[in-house]
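Trainee: Sharing a structure with you now.
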Amino acid sequence: MAVETLDQNERQRSQYIDFWNSVLVPKFIRWKHILVDGLTMHSEAIFPTLAVKPGDKVVDAGCGFGDTAIKLAQLVGPSGSVLAVDCCDAFLDFGRKEAVKAGVTNITFLDEDVQTYPFEPIHDFCFSRFGTQFFENPVAGLRNMRKSLKPGGVMTMIVWRGIKG
Ligand SMILES: C[S@@+](CC[C@H](N)C(=O)[O-])C[C@H]1O[C@@H](n2cnc3c(N)ncnc32)[C@H](O)[C@@H]1O
């Protein structure tokens with residue numbers, strides 16, 4: 001059966017997503033300040049060089065607490081938009097609240113599996129900060145992120161090693 005024919009319940013009925021939500025969410029929330037502060041050092045280093053411009057449509061894959069999605073939404077401005085996807089709605093709730101506080105209205109926070117969500121190929125840019133290496137199936141995840149891009153779209157991911165291995 002093609003992925004696109006699965007409904008949300010079928011897509012999300014995975015032990016891996018259950019594990020994230022039941023085991024990792026409480027730990028990540030407990031240590032959020034250390035996690036987000038530490039990871040922000042890496043994203044701050046590359047944000048000024050990102051191929052993102054006002055008006056762009058952007059995906060933030062495995063966006064976690066949503067801080068990078070908010071920064072991307074500010075970069076693309078009100079004529080652009082960000083689809084911030086994570087498989088843990090408890091993380092996305094932080095992002096929703098922070099976006100309201102920041103007055104950012106051009107983000108959609110979506111509780112979905114990046115590996116299987118039927119993205120429309122309409123995005124200019126796909127971003128992930130330490131999201132891609134946590135996929136259950138990295139090949140499926142990266143292929144699906146590619147599907148979110150329109151021709152000529154660009155993907156940038158931050159991971160724990162160099163591109164040459
Ligand atoms: C190390 S955290 C990074 C979160 C965020 N990007 C950051 O830099 O703070 C990895 C994130 O990927 C999410 N994730 C892992 N597998 C996923 C999947 N298949 N679909 C959507 N999100 C996923 C997790 O829920 C978690 O929020």
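As shown in the structure tokens, the chain order sets the letters A, B, ...; within each chain, residues go from 1, and ligands are also counted from 1 in the order they appear.
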If we count only C-alpha atoms and set the cut-off at 6 Å, which residues sit around Val58 of chain A, ignoring sequence neighbours fewer than 5 positions away in its own chain? Please answer as an MDAnalysis selection string.

Mentor: chainID A and resid 82 123 125:126

Trainee: So that I can see what lies close to Gln115 of chain A, please list as JSON, numbers by chain the residues with an atom at most 6 Å from it, counting only C-alpha atoms and leaving out residues fewer than 5 positions away in the same chain.

Mentor: {"A": [140, 141, 144]}

Trainee: Write the residues of the selection above to a file with C-alpha atoms, as a PDB file, in the first residue's frame.

Mentor:
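Here's the written file result.pdb:
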```pdb
ATOM      1  CA  ALA A 140      12.685   6.674   4.541  1.00  0.00           C
ATOM      2  CA  GLY A 141      12.892   9.890   6.533  1.00  0.00           C
ATOM      3  CA  ASN A 144      10.276  11.832   2.529  1.00  0.00           C
TER       4      ASN A 144
END
```

Trainee: Within 8 Å of ligand 1, counting only C-alpha atoms and all ligand atoms, which protein or nucleic acid residues do you find, written as a PDB file with all heavy atoms, in the first residue's frame?

Mentor:
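pocket_7.pdb, written as the output of this step:
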```
ATOM      1  N   ILE A  17       7.302   5.562  17.677  1.00  0.00           N
ATOM      2  CA  ILE A  17       6.654   6.838  18.040  1.00  0.00           C
ATOM      3  C   ILE A  17       6.126   6.743  19.476  1.00  0.00           C
ATOM      4  O   ILE A  17       6.231   7.696  20.247  1.00  0.00           O
ATOM      5  CB  ILE A  17       5.493   7.157  17.059  1.00  0.00           C
ATOM      6  CG1 ILE A  17       6.013   7.201  15.621  1.00  0.00           C
ATOM      7  CG2 ILE A  17       4.768   8.436  17.467  1.00  0.00           C
ATOM      8  CD1 ILE A  17       6.513   8.481  15.112  1.00  0.00           C
ATOM      9  N   TRP A  20       9.092   7.310  21.799  1.00  0.00           N
ATOM     10  CA  TRP A  20       9.412   8.737  21.927  1.00  0.00           C
ATOM     11  C   TRP A  20       8.443   9.401  22.910  1.00  0.00           C
ATOM     12  O   TRP A  20       8.849  10.126  23.812  1.00  0.00           O
ATOM     13  CB  TRP A  20       9.320   9.444  20.558  1.00  0.00           C
ATOM     14  CG  TRP A  20      10.661   9.591  19.909  1.00  0.00           C
ATOM     15  CD1 TRP A  20      11.170   8.827  18.889  1.00  0.00           C
ATOM     16  CD2 TRP A  20      11.685  10.534  20.244  1.00  0.00           C
ATOM     17  NE1 TRP A  20      12.445   9.242  18.591  1.00  0.00           N
ATOM     18  CE2 TRP A  20      12.782  10.284  19.399  1.00  0.00           C
ATOM     19  CE3 TRP A  20      11.792  11.558  21.187  1.00  0.00           C
ATOM     20  CZ2 TRP A  20      13.964  11.031  19.458  1.00  0.00           C
ATOM     21  CZ3 TRP A  20      12.962  12.302  21.247  1.00  0.00           C
ATOM     22  CH2 TRP A  20      14.027  12.028  20.392  1.00  0.00           C
ATOM     23  N   ASN A  21       7.156   9.147  22.718  1.00  0.00           N
ATOM     24  CA  ASN A  21       6.164   9.863  23.521  1.00  0.00           C
ATOM     25  C   ASN A  21       6.139   9.404  24.976  1.00  0.00           C
ATOM     26  O   ASN A  21       5.989  10.230  25.883  1.00  0.00           O
ATOM     27  CB  ASN A  21       4.778   9.713  22.874  1.00  0.00           C
ATOM     28  CG  ASN A  21       4.613  10.670  21.720  1.00  0.00           C
ATOM     29  OD1 ASN A  21       4.325  11.850  21.919  1.00  0.00           O
ATOM     30  ND2 ASN A  21       4.833  10.203  20.495  1.00  0.00           N
ATOM     31  N   VAL A  25       9.863  11.790  25.918  1.00  0.00           N
ATOM     32  CA  VAL A  25       9.268  13.114  26.154  1.00  0.00           C
ATOM     33  C   VAL A  25       9.499  13.605  27.588  1.00  0.00           C
ATOM     34  O   VAL A  25       9.976  14.729  27.794  1.00  0.00           O
ATOM     35  CB  VAL A  25       7.760  13.130  25.773  1.00  0.00           C
ATOM     36  CG1 VAL A  25       7.036  14.282  26.443  1.00  0.00           C
ATOM     37  CG2 VAL A  25       7.606  13.241  24.262  1.00  0.00           C
ATOM     38  N   LEU A  35      19.305  20.851  26.747  1.00  0.00           N
ATOM     39  CA  LEU A  35      19.211  20.371  25.365  1.00  0.00           C
ATOM     40  C   LEU A  35      19.125  21.546  24.388  1.00  0.00           C
ATOM     41  O   LEU A  35      19.930  21.676  23.457  1.00  0.00           O
ATOM     42  CB  LEU A  35      17.960  19.497  25.258  1.00  0.00           C
ATOM     43  CG  LEU A  35      17.703  18.867  23.906  1.00  0.00           C
ATOM     44  CD1 LEU A  35      18.609  17.656  23.715  1.00  0.00           C
ATOM     45  CD2 LEU A  35      16.247  18.444  23.786  1.00  0.00           C
ATOM     46  N   VAL A  36      18.159  22.417  24.623  1.00  0.00           N
ATOM     47  CA  VAL A  36      17.922  23.487  23.655  1.00  0.00           C
ATOM     48  C   VAL A  36      19.078  24.482  23.655  1.00  0.00           C
ATOM     49  O   VAL A  36      19.552  24.897  22.593  1.00  0.00           O
ATOM     50  CB  VAL A  36      16.560  24.182  23.901  1.00  0.00           C
ATOM     51  CG1 VAL A  36      16.399  25.393  22.994  1.00  0.00           C
ATOM     52  CG2 VAL A  36      15.417  23.193  23.672  1.00  0.00           C
ATOM     53  N   LEU A  39      22.006  22.755  21.774  1.00  0.00           N
ATOM     54  CA  LEU A  39      21.804  22.594  20.335  1.00  0.00           C
ATOM     55  C   LEU A  39      21.738  23.947  19.621  1.00  0.00           C
ATOM     56  O   LEU A  39      22.120  24.072  18.458  1.00  0.00           O
ATOM     57  CB  LEU A  39      20.531  21.782  20.069  1.00  0.00           C
ATOM     58  CG  LEU A  39      20.514  20.374  20.688  1.00  0.00           C
ATOM     59  CD1 LEU A  39      19.284  19.602  20.245  1.00  0.00           C
ATOM     60  CD2 LEU A  39      21.777  19.591  20.333  1.00  0.00           C
ATOM     61  N   THR A  40      21.294  24.972  20.350  1.00  0.00           N
ATOM     62  CA  THR A  40      21.212  26.308  19.743  1.00  0.00           C
ATOM     63  C   THR A  40      22.593  26.827  19.353  1.00  0.00           C
ATOM     64  O   THR A  40      22.725  27.540  18.346  1.00  0.00           O
ATOM     65  CB  THR A  40      20.517  27.290  20.720  1.00  0.00           C
ATOM     66  OG1 THR A  40      19.183  26.823  20.925  1.00  0.00           O
ATOM     67  CG2 THR A  40      20.464  28.705  20.156  1.00  0.00           C
ATOM     68  N   ASP A  60      10.419  22.329   8.999  1.00  0.00           N
ATOM     69  CA  ASP A  60      11.379  22.035  10.070  1.00  0.00           C
ATOM     70  C   ASP A  60      11.062  20.616  10.540  1.00  0.00           C
ATOM     71  O   ASP A  60      10.039  20.369  11.198  1.00  0.00           O
ATOM     72  CB  ASP A  60      11.254  23.058  11.209  1.00  0.00           C
ATOM     73  CG  ASP A  60      12.372  22.909  12.249  1.00  0.00           C
ATOM     74  OD1 ASP A  60      13.051  21.860  12.258  1.00  0.00           O
ATOM     75  OD2 ASP A  60      12.544  23.841  13.049  1.00  0.00           O
ATOM     76  N   ALA A  61      11.919  19.672  10.174  1.00  0.00           N
ATOM     77  CA  ALA A  61      11.649  18.246  10.409  1.00  0.00           C
ATOM     78  C   ALA A  61      12.203  17.795  11.760  1.00  0.00           C
ATOM     79  O   ALA A  61      13.389  17.958  12.029  1.00  0.00           O
ATOM     80  CB  ALA A  61      12.277  17.420   9.291  1.00  0.00           C
ATOM     81  N   GLY A  62      11.333  17.233  12.589  1.00  0.00           N
ATOM     82  CA  GLY A  62      11.750  16.847  13.947  1.00  0.00           C
ATOM     83  C   GLY A  62      12.068  18.091  14.743  1.00  0.00           C
ATOM     84  O   GLY A  62      13.111  18.200  15.384  1.00  0.00           O
ATOM     85  N   CYS A  63      11.127  19.033  14.743  1.00  0.00           N
ATOM     86  CA  CYS A  63      11.390  20.397  15.254  1.00  0.00           C
ATOM     87  C   CYS A  63      11.448  20.469  16.768  1.00  0.00           C
ATOM     88  O   CYS A  63      11.823  21.500  17.328  1.00  0.00           O
ATOM     89  CB  CYS A  63      10.327  21.361  14.740  1.00  0.00           C
ATOM     90  SG  CYS A  63       8.692  21.023  15.435  1.00  0.00           S
ATOM     91  N   GLY A  64      11.065  19.398  17.459  1.00  0.00           N
ATOM     92  CA  GLY A  64      11.143  19.402  18.925  1.00  0.00           C
ATOM     93  C   GLY A  64      10.333  20.538  19.527  1.00  0.00           C
ATOM     94  O   GLY A  64       9.148  20.715  19.216  1.00  0.00           O
ATOM     95  N   PHE A  65      10.991  21.316  20.390  1.00  0.00           N
ATOM     96  CA  PHE A  65      10.302  22.374  21.123  1.00  0.00           C
ATOM     97  C   PHE A  65       9.985  23.603  20.254  1.00  0.00           C
ATOM     98  O   PHE A  65       9.377  24.557  20.744  1.00  0.00           O
ATOM     99  CB  PHE A  65      11.137  22.803  22.331  1.00  0.00           C
ATOM    100  CG  PHE A  65      11.313  21.708  23.352  1.00  0.00           C
ATOM    101  CD1 PHE A  65      12.529  21.051  23.495  1.00  0.00           C
ATOM    102  CD2 PHE A  65      10.254  21.316  24.156  1.00  0.00           C
ATOM    103  CE1 PHE A  65      12.692  20.028  24.433  1.00  0.00           C
ATOM    104  CE2 PHE A  65      10.406  20.304  25.106  1.00  0.00           C
ATOM    105  CZ  PHE A  65      11.628  19.661  25.243  1.00  0.00           C
ATOM    106  N   GLY A  66      10.448  23.604  19.023  1.00  0.00           N
ATOM    107  CA  GLY A  66       9.967  24.609  18.058  1.00  0.00           C
ATOM    108  C   GLY A  66      10.766  25.894  17.964  1.00  0.00           C
ATOM    109  O   GLY A  66      10.393  26.794  17.215  1.00  0.00           O
ATOM    110  N   ASP A  67      11.893  25.968  18.680  1.00  0.00           N
ATOM    111  CA  ASP A  67      12.631  27.247  18.650  1.00  0.00           C
ATOM    112  C   ASP A  67      13.211  27.547  17.271  1.00  0.00           C
ATOM    113  O   ASP A  67      13.183  28.696  16.817  1.00  0.00           O
ATOM    114  CB  ASP A  67      13.723  27.281  19.729  1.00  0.00           C
ATOM    115  CG  ASP A  67      14.665  26.089  19.642  1.00  0.00           C
ATOM    116  OD1 ASP A  67      14.190  24.952  19.779  1.00  0.00           O
ATOM    117  OD2 ASP A  67      15.864  26.297  19.403  1.00  0.00           O
ATOM    118  N   THR A  68      13.723  26.525  16.571  1.00  0.00           N
ATOM    119  CA  THR A  68      14.255  26.806  15.220  1.00  0.00           C
ATOM    120  C   THR A  68      13.116  27.139  14.258  1.00  0.00           C
ATOM    121  O   THR A  68      13.280  27.973  13.364  1.00  0.00           O
ATOM    122  CB  THR A  68      15.070  25.620  14.673  1.00  0.00           C
ATOM    123  OG1 THR A  68      14.304  24.420  14.783  1.00  0.00           O
ATOM    124  CG2 THR A  68      16.384  25.464  15.422  1.00  0.00           C
ATOM    125  N   VAL A  85       7.253  19.984  12.011  1.00  0.00           N
ATOM    126  CA  VAL A  85       6.731  18.623  12.195  1.00  0.00           C
ATOM    127  C   VAL A  85       7.514  17.899  13.281  1.00  0.00           C
ATOM    128  O   VAL A  85       8.750  17.889  13.276  1.00  0.00           O
ATOM    129  CB  VAL A  85       6.860  17.813  10.877  1.00  0.00           C
ATOM    130  CG1 VAL A  85       6.150  16.466  11.017  1.00  0.00           C
ATOM    131  CG2 VAL A  85       6.305  18.594   9.700  1.00  0.00           C
ATOM    132  N   ASP A  86       6.786  17.279  14.172  1.00  0.00           N
ATOM    133  CA  ASP A  86       7.421  16.414  15.176  1.00  0.00           C
ATOM    134  C   ASP A  86       6.417  15.331  15.568  1.00  0.00           C
ATOM    135  O   ASP A  86       5.205  15.552  15.512  1.00  0.00           O
ATOM    136  CB  ASP A  86       7.857  17.207  16.414  1.00  0.00           C
ATOM    137  CG  ASP A  86       8.975  16.490  17.178  1.00  0.00           C
ATOM    138  OD1 ASP A  86       8.656  15.550  17.935  1.00  0.00           O
ATOM    139  OD2 ASP A  86      10.154  16.854  16.995  1.00  0.00           O
ATOM    140  N   CYS A  87       6.937  14.177  15.996  1.00  0.00           N
ATOM    141  CA  CYS A  87       6.043  13.072  16.341  1.00  0.00           C
ATOM    142  C   CYS A  87       5.608  13.135  17.811  1.00  0.00           C
ATOM    143  O   CYS A  87       4.903  12.227  18.271  1.00  0.00           O
ATOM    144  CB  CYS A  87       6.693  11.734  16.020  1.00  0.00           C
ATOM    145  SG  CYS A  87       8.222  11.436  16.923  1.00  0.00           S
ATOM    146  N   CYS A  88       6.020  14.186  18.532  1.00  0.00           N
ATOM    147  CA  CYS A  88       5.640  14.317  19.939  1.00  0.00           C
ATOM    148  C   CYS A  88       4.872  15.616  20.144  1.00  0.00           C
ATOM    149  O   CYS A  88       5.472  16.704  20.177  1.00  0.00           O
ATOM    150  CB  CYS A  88       6.875  14.295  20.833  1.00  0.00           C
ATOM    151  SG  CYS A  88       7.831  12.784  20.684  1.00  0.00           S
ATOM    152  N   PHE A  91       6.018  18.184  22.763  1.00  0.00           N
ATOM    153  CA  PHE A  91       7.067  19.144  22.392  1.00  0.00           C
ATOM    154  C   PHE A  91       6.437  20.313  21.618  1.00  0.00           C
ATOM    155  O   PHE A  91       6.773  21.471  21.827  1.00  0.00           O
ATOM    156  CB  PHE A  91       8.129  18.490  21.497  1.00  0.00           C
ATOM    157  CG  PHE A  91       8.969  17.434  22.159  1.00  0.00           C
ATOM    158  CD1 PHE A  91       9.549  16.419  21.407  1.00  0.00           C
ATOM    159  CD2 PHE A  91       9.222  17.465  23.520  1.00  0.00           C
ATOM    160  CE1 PHE A  91      10.348  15.443  21.996  1.00  0.00           C
ATOM    161  CE2 PHE A  91      10.020  16.498  24.132  1.00  0.00           C
ATOM    162  CZ  PHE A  91      10.571  15.479  23.355  1.00  0.00           C
ATOM    163  N   ASP A 111       1.757  17.329  14.442  1.00  0.00           N
ATOM    164  CA  ASP A 111       2.123  16.093  15.138  1.00  0.00           C
ATOM    165  C   ASP A 111       2.072  14.949  14.124  1.00  0.00           C
ATOM    166  O   ASP A 111       1.014  14.362  13.879  1.00  0.00           O
ATOM    167  CB  ASP A 111       1.113  15.873  16.276  1.00  0.00           C
ATOM    168  CG  ASP A 111       1.331  14.557  16.998  1.00  0.00           C
ATOM    169  OD1 ASP A 111       2.403  13.939  16.840  1.00  0.00           O
ATOM    170  OD2 ASP A 111       0.409  14.149  17.731  1.00  0.00           O
ATOM    171  N   GLU A 112       3.231  14.654  13.513  1.00  0.00           N
ATOM    172  CA  GLU A 112       3.278  13.640  12.458  1.00  0.00           C
ATOM    173  C   GLU A 112       4.641  12.963  12.438  1.00  0.00           C
ATOM    174  O   GLU A 112       5.616  13.477  12.986  1.00  0.00           O
ATOM    175  CB  GLU A 112       3.032  14.290  11.084  1.00  0.00           C
ATOM    176  CG  GLU A 112       1.563  14.438  10.718  1.00  0.00           C
ATOM    177  CD  GLU A 112       0.928  13.114  10.307  1.00  0.00           C
ATOM    178  OE1 GLU A 112       1.633  12.083  10.246  1.00  0.00           O
ATOM    179  OE2 GLU A 112      -0.294  13.114  10.053  1.00  0.00           O
ATOM    180  N   ASP A 113       4.679  11.825  11.755  1.00  0.00           N
ATOM    181  CA  ASP A 113       5.928  11.107  11.536  1.00  0.00           C
ATOM    182  C   ASP A 113       6.552  11.622  10.233  1.00  0.00           C
ATOM    183  O   ASP A 113       5.963  11.460   9.152  1.00  0.00           O
ATOM    184  CB  ASP A 113       5.615   9.604  11.442  1.00  0.00           C
ATOM    185  CG  ASP A 113       6.859   8.749  11.307  1.00  0.00           C
ATOM    186  OD1 ASP A 113       7.921   9.281  10.922  1.00  0.00           O
ATOM    187  OD2 ASP A 113       6.758   7.537  11.570  1.00  0.00           O
ATOM    188  N   VAL A 114       7.726  12.220  10.331  1.00  0.00           N
ATOM    189  CA  VAL A 114       8.383  12.784   9.142  1.00  0.00           C
ATOM    190  C   VAL A 114       8.670  11.700   8.103  1.00  0.00           C
ATOM    191  O   VAL A 114       8.718  11.965   6.906  1.00  0.00           O
ATOM    192  CB  VAL A 114       9.696  13.501   9.540  1.00  0.00           C
ATOM    193  CG1 VAL A 114      10.532  13.876   8.336  1.00  0.00           C
ATOM    194  CG2 VAL A 114       9.395  14.744  10.374  1.00  0.00           C
ATOM    195  N   GLN A 115       8.832  10.463   8.551  1.00  0.00           N
ATOM    196  CA  GLN A 115       9.163   9.381   7.621  1.00  0.00           C
ATOM    197  C   GLN A 115       8.014   9.038   6.684  1.00  0.00           C
ATOM    198  O   GLN A 115       8.235   8.531   5.593  1.00  0.00           O
ATOM    199  CB  GLN A 115       9.520   8.115   8.406  1.00  0.00           C
ATOM    200  CG  GLN A 115      10.710   8.285   9.305  1.00  0.00           C
ATOM    201  CD  GLN A 115      10.927   7.066  10.188  1.00  0.00           C
ATOM    202  OE1 GLN A 115      12.035   6.837  10.610  1.00  0.00           O
ATOM    203  NE2 GLN A 115       9.898   6.309  10.469  1.00  0.00           N
ATOM    204  N   THR A 116       6.803   9.306   7.111  1.00  0.00           N
ATOM    205  CA  THR A 116       5.652   8.821   6.334  1.00  0.00           C
ATOM    206  C   THR A 116       4.625   9.898   5.999  1.00  0.00           C
ATOM    207  O   THR A 116       3.695   9.641   5.237  1.00  0.00           O
ATOM    208  CB  THR A 116       4.930   7.699   7.109  1.00  0.00           C
ATOM    209  OG1 THR A 116       4.596   8.193   8.419  1.00  0.00           O
ATOM    210  CG2 THR A 116       5.790   6.463   7.224  1.00  0.00           C
ATOM    211  N   SER A 128      16.530  20.659   9.386  1.00  0.00           N
ATOM    212  CA  SER A 128      16.410  19.830  10.582  1.00  0.00           C
ATOM    213  C   SER A 128      17.648  20.013  11.462  1.00  0.00           C
ATOM    214  O   SER A 128      18.780  19.877  10.981  1.00  0.00           O
ATOM    215  CB  SER A 128      16.257  18.352  10.228  1.00  0.00           C
ATOM    216  OG  SER A 128      16.048  17.612  11.422  1.00  0.00           O
ATOM    217  N   ARG A 129      17.423  20.329  12.723  1.00  0.00           N
ATOM    218  CA  ARG A 129      18.534  20.394  13.680  1.00  0.00           C
ATOM    219  C   ARG A 129      18.483  19.143  14.548  1.00  0.00           C
ATOM    220  O   ARG A 129      17.602  19.005  15.397  1.00  0.00           O
ATOM    221  CB  ARG A 129      18.409  21.661  14.555  1.00  0.00           C
ATOM    222  CG  ARG A 129      19.588  21.822  15.530  1.00  0.00           C
ATOM    223  CD  ARG A 129      19.426  23.053  16.410  1.00  0.00           C
ATOM    224  NE  ARG A 129      18.416  22.868  17.431  1.00  0.00           N
ATOM    225  CZ  ARG A 129      17.958  23.855  18.231  1.00  0.00           C
ATOM    226  NH1 ARG A 129      18.413  25.081  18.100  1.00  0.00           N
ATOM    227  NH2 ARG A 129      17.033  23.598  19.139  1.00  0.00           N
ATOM    228  N   PHE A 130      19.391  18.237  14.287  1.00  0.00           N
ATOM    229  CA  PHE A 130      19.510  16.997  15.062  1.00  0.00           C
ATOM    230  C   PHE A 130      18.199  16.200  15.095  1.00  0.00           C
ATOM    231  O   PHE A 130      17.918  15.523  16.084  1.00  0.00           O
ATOM    232  CB  PHE A 130      20.005  17.289  16.482  1.00  0.00           C
ATOM    233  CG  PHE A 130      21.373  17.920  16.500  1.00  0.00           C
ATOM    234  CD1 PHE A 130      21.546  19.231  16.892  1.00  0.00           C
ATOM    235  CD2 PHE A 130      22.483  17.192  16.098  1.00  0.00           C
ATOM    236  CE1 PHE A 130      22.809  19.816  16.894  1.00  0.00           C
ATOM    237  CE2 PHE A 130      23.750  17.767  16.090  1.00  0.00           C
ATOM    238  CZ  PHE A 130      23.913  19.088  16.496  1.00  0.00           C
ATOM    239  N   GLY A 131      17.415  16.311  14.022  1.00  0.00           N
ATOM    240  CA  GLY A 131      16.189  15.518  13.925  1.00  0.00           C
ATOM    241  C   GLY A 131      16.412  14.269  13.090  1.00  0.00           C
ATOM    242  O   GLY A 131      15.952  13.186  13.439  1.00  0.00           O
ATOM    243  N   THR A 132      17.200  14.374  12.007  1.00  0.00           N
ATOM    244  CA  THR A 132      17.254  13.278  11.031  1.00  0.00           C
ATOM    245  C   THR A 132      17.944  12.031  11.578  1.00  0.00           C
ATOM    246  O   THR A 132      17.636  10.927  11.166  1.00  0.00           O
ATOM    247  CB  THR A 132      17.985  13.728   9.758  1.00  0.00           C
ATOM    248  OG1 THR A 132      19.265  14.252  10.114  1.00  0.00           O
ATOM    249  CG2 THR A 132      17.208  14.792   9.027  1.00  0.00           C
ATOM    250  N   GLN A 133      18.885  12.204  12.520  1.00  0.00           N
ATOM    251  CA  GLN A 133      19.594  11.022  12.984  1.00  0.00           C
ATOM    252  C   GLN A 133      18.803  10.243  14.027  1.00  0.00           C
ATOM    253  O   GLN A 133      19.275   9.225  14.528  1.00  0.00           O
ATOM    254  CB  GLN A 133      20.976  11.395  13.511  1.00  0.00           C
ATOM    255  CG  GLN A 133      20.963  12.328  14.679  1.00  0.00           C
ATOM    256  CD  GLN A 133      22.292  13.076  14.824  1.00  0.00           C
ATOM    257  OE1 GLN A 133      22.385  14.246  14.573  1.00  0.00           O
ATOM    258  NE2 GLN A 133      23.320  12.365  15.232  1.00  0.00           N
ATOM    259  N   PHE A 134      17.613  10.727  14.332  1.00  0.00           N
ATOM    260  CA  PHE A 134      16.765  10.012  15.296  1.00  0.00           C
ATOM    261  C   PHE A 134      15.620   9.276  14.619  1.00  0.00           C
ATOM    262  O   PHE A 134      14.751   8.744  15.281  1.00  0.00           O
ATOM    263  CB  PHE A 134      16.224  10.985  16.351  1.00  0.00           C
ATOM    264  CG  PHE A 134      17.320  11.470  17.255  1.00  0.00           C
ATOM    265  CD1 PHE A 134      18.035  12.604  16.941  1.00  0.00           C
ATOM    266  CD2 PHE A 134      17.671  10.758  18.391  1.00  0.00           C
ATOM    267  CE1 PHE A 134      19.070  13.051  17.755  1.00  0.00           C
ATOM    268  CE2 PHE A 134      18.714  11.186  19.208  1.00  0.00           C
ATOM    269  CZ  PHE A 134      19.409  12.328  18.899  1.00  0.00           C
ATOM    270  N   PHE A 135      15.639   9.248  13.286  1.00  0.00           N
ATOM    271  CA  PHE A 135      14.597   8.496  12.597  1.00  0.00           C
ATOM    272  C   PHE A 135      14.772   7.007  12.854  1.00  0.00           C
ATOM    273  O   PHE A 135      15.904   6.508  12.964  1.00  0.00           O
ATOM    274  CB  PHE A 135      14.668   8.729  11.088  1.00  0.00           C
ATOM    275  CG  PHE A 135      14.265  10.105  10.646  1.00  0.00           C
ATOM    276  CD1 PHE A 135      14.918  10.715   9.586  1.00  0.00           C
ATOM    277  CD2 PHE A 135      13.232  10.782  11.261  1.00  0.00           C
ATOM    278  CE1 PHE A 135      14.547  11.975   9.168  1.00  0.00           C
ATOM    279  CE2 PHE A 135      12.852  12.041  10.842  1.00  0.00           C
ATOM    280  CZ  PHE A 135      13.515  12.639   9.788  1.00  0.00           C
ATOM    281  N   GLU A 136      13.651   6.308  12.883  1.00  0.00           N
ATOM    282  CA  GLU A 136      13.705   4.843  12.967  1.00  0.00           C
ATOM    283  C   GLU A 136      14.321   4.302  11.672  1.00  0.00           C
ATOM    284  O   GLU A 136      15.104   3.360  11.689  1.00  0.00           O
ATOM    285  CB  GLU A 136      12.273   4.315  13.147  1.00  0.00           C
ATOM    286  CG  GLU A 136      12.172   2.828  13.258  1.00  0.00           C
ATOM    287  CD  GLU A 136      10.720   2.404  13.451  1.00  0.00           C
ATOM    288  OE1 GLU A 136       9.808   3.158  13.063  1.00  0.00           O
ATOM    289  OE2 GLU A 136      10.511   1.316  13.990  1.00  0.00           O
ATOM    290  N   ASN A 137      13.937   4.914  10.560  1.00  0.00           N
ATOM    291  CA  ASN A 137      14.446   4.501   9.250  1.00  0.00           C
ATOM    292  C   ASN A 137      14.954   5.759   8.534  1.00  0.00           C
ATOM    293  O   ASN A 137      14.183   6.476   7.904  1.00  0.00           O
ATOM    294  CB  ASN A 137      13.314   3.830   8.460  1.00  0.00           C
ATOM    295  CG  ASN A 137      13.770   3.390   7.079  1.00  0.00           C
ATOM    296  OD1 ASN A 137      14.793   3.851   6.562  1.00  0.00           O
ATOM    297  ND2 ASN A 137      13.008   2.495   6.470  1.00  0.00           N
ATOM    298  N   GLY A 141      13.071   8.517   6.064  1.00  0.00           N
ATOM    299  CA  GLY A 141      12.892   9.890   6.533  1.00  0.00           C
ATOM    300  C   GLY A 141      13.476  10.903   5.574  1.00  0.00           C
ATOM    301  O   GLY A 141      12.821  11.897   5.213  1.00  0.00           O
TER     302      GLY A 141
END
```

Trainee: To test your reading of the structure, identify every residue in chain A that backbone DSSP assigns to strand (DSSP E), and report it as a PyMOL selection string.

Mentor: chain A and resi 57-61+81-86+107-111+123-129+149-158

Trainee: Skip segment 97-109 of chain A itself and residues of its chain fewer than 3 positions away, then list as an MDAnalysis selection string all residues within 8 Å of it, counting only C-alpha atoms.

Mentor: chainID A and resid 66:67 69:70 73:74 77:78 80:86 92:94

Trainee: So, counting only C-alpha atoms, which residue among A:Leu24, A:Ile34, A:Phe119, A:Asp124 is closest to Pro54 of chain A?

Mentor: A:Asp124

Trainee: Excluding Pro151 of chain A and residues on its chain fewer than 3 positions from it, collect all residues at most 12 Å away from it, counting only C-alpha atoms, and give them as a list in words.

Mentor: Pro121, Ile122, His123, Asp124, Phe125, Arg146, Lys147, Ser148, Val154 and Met155 of chain A
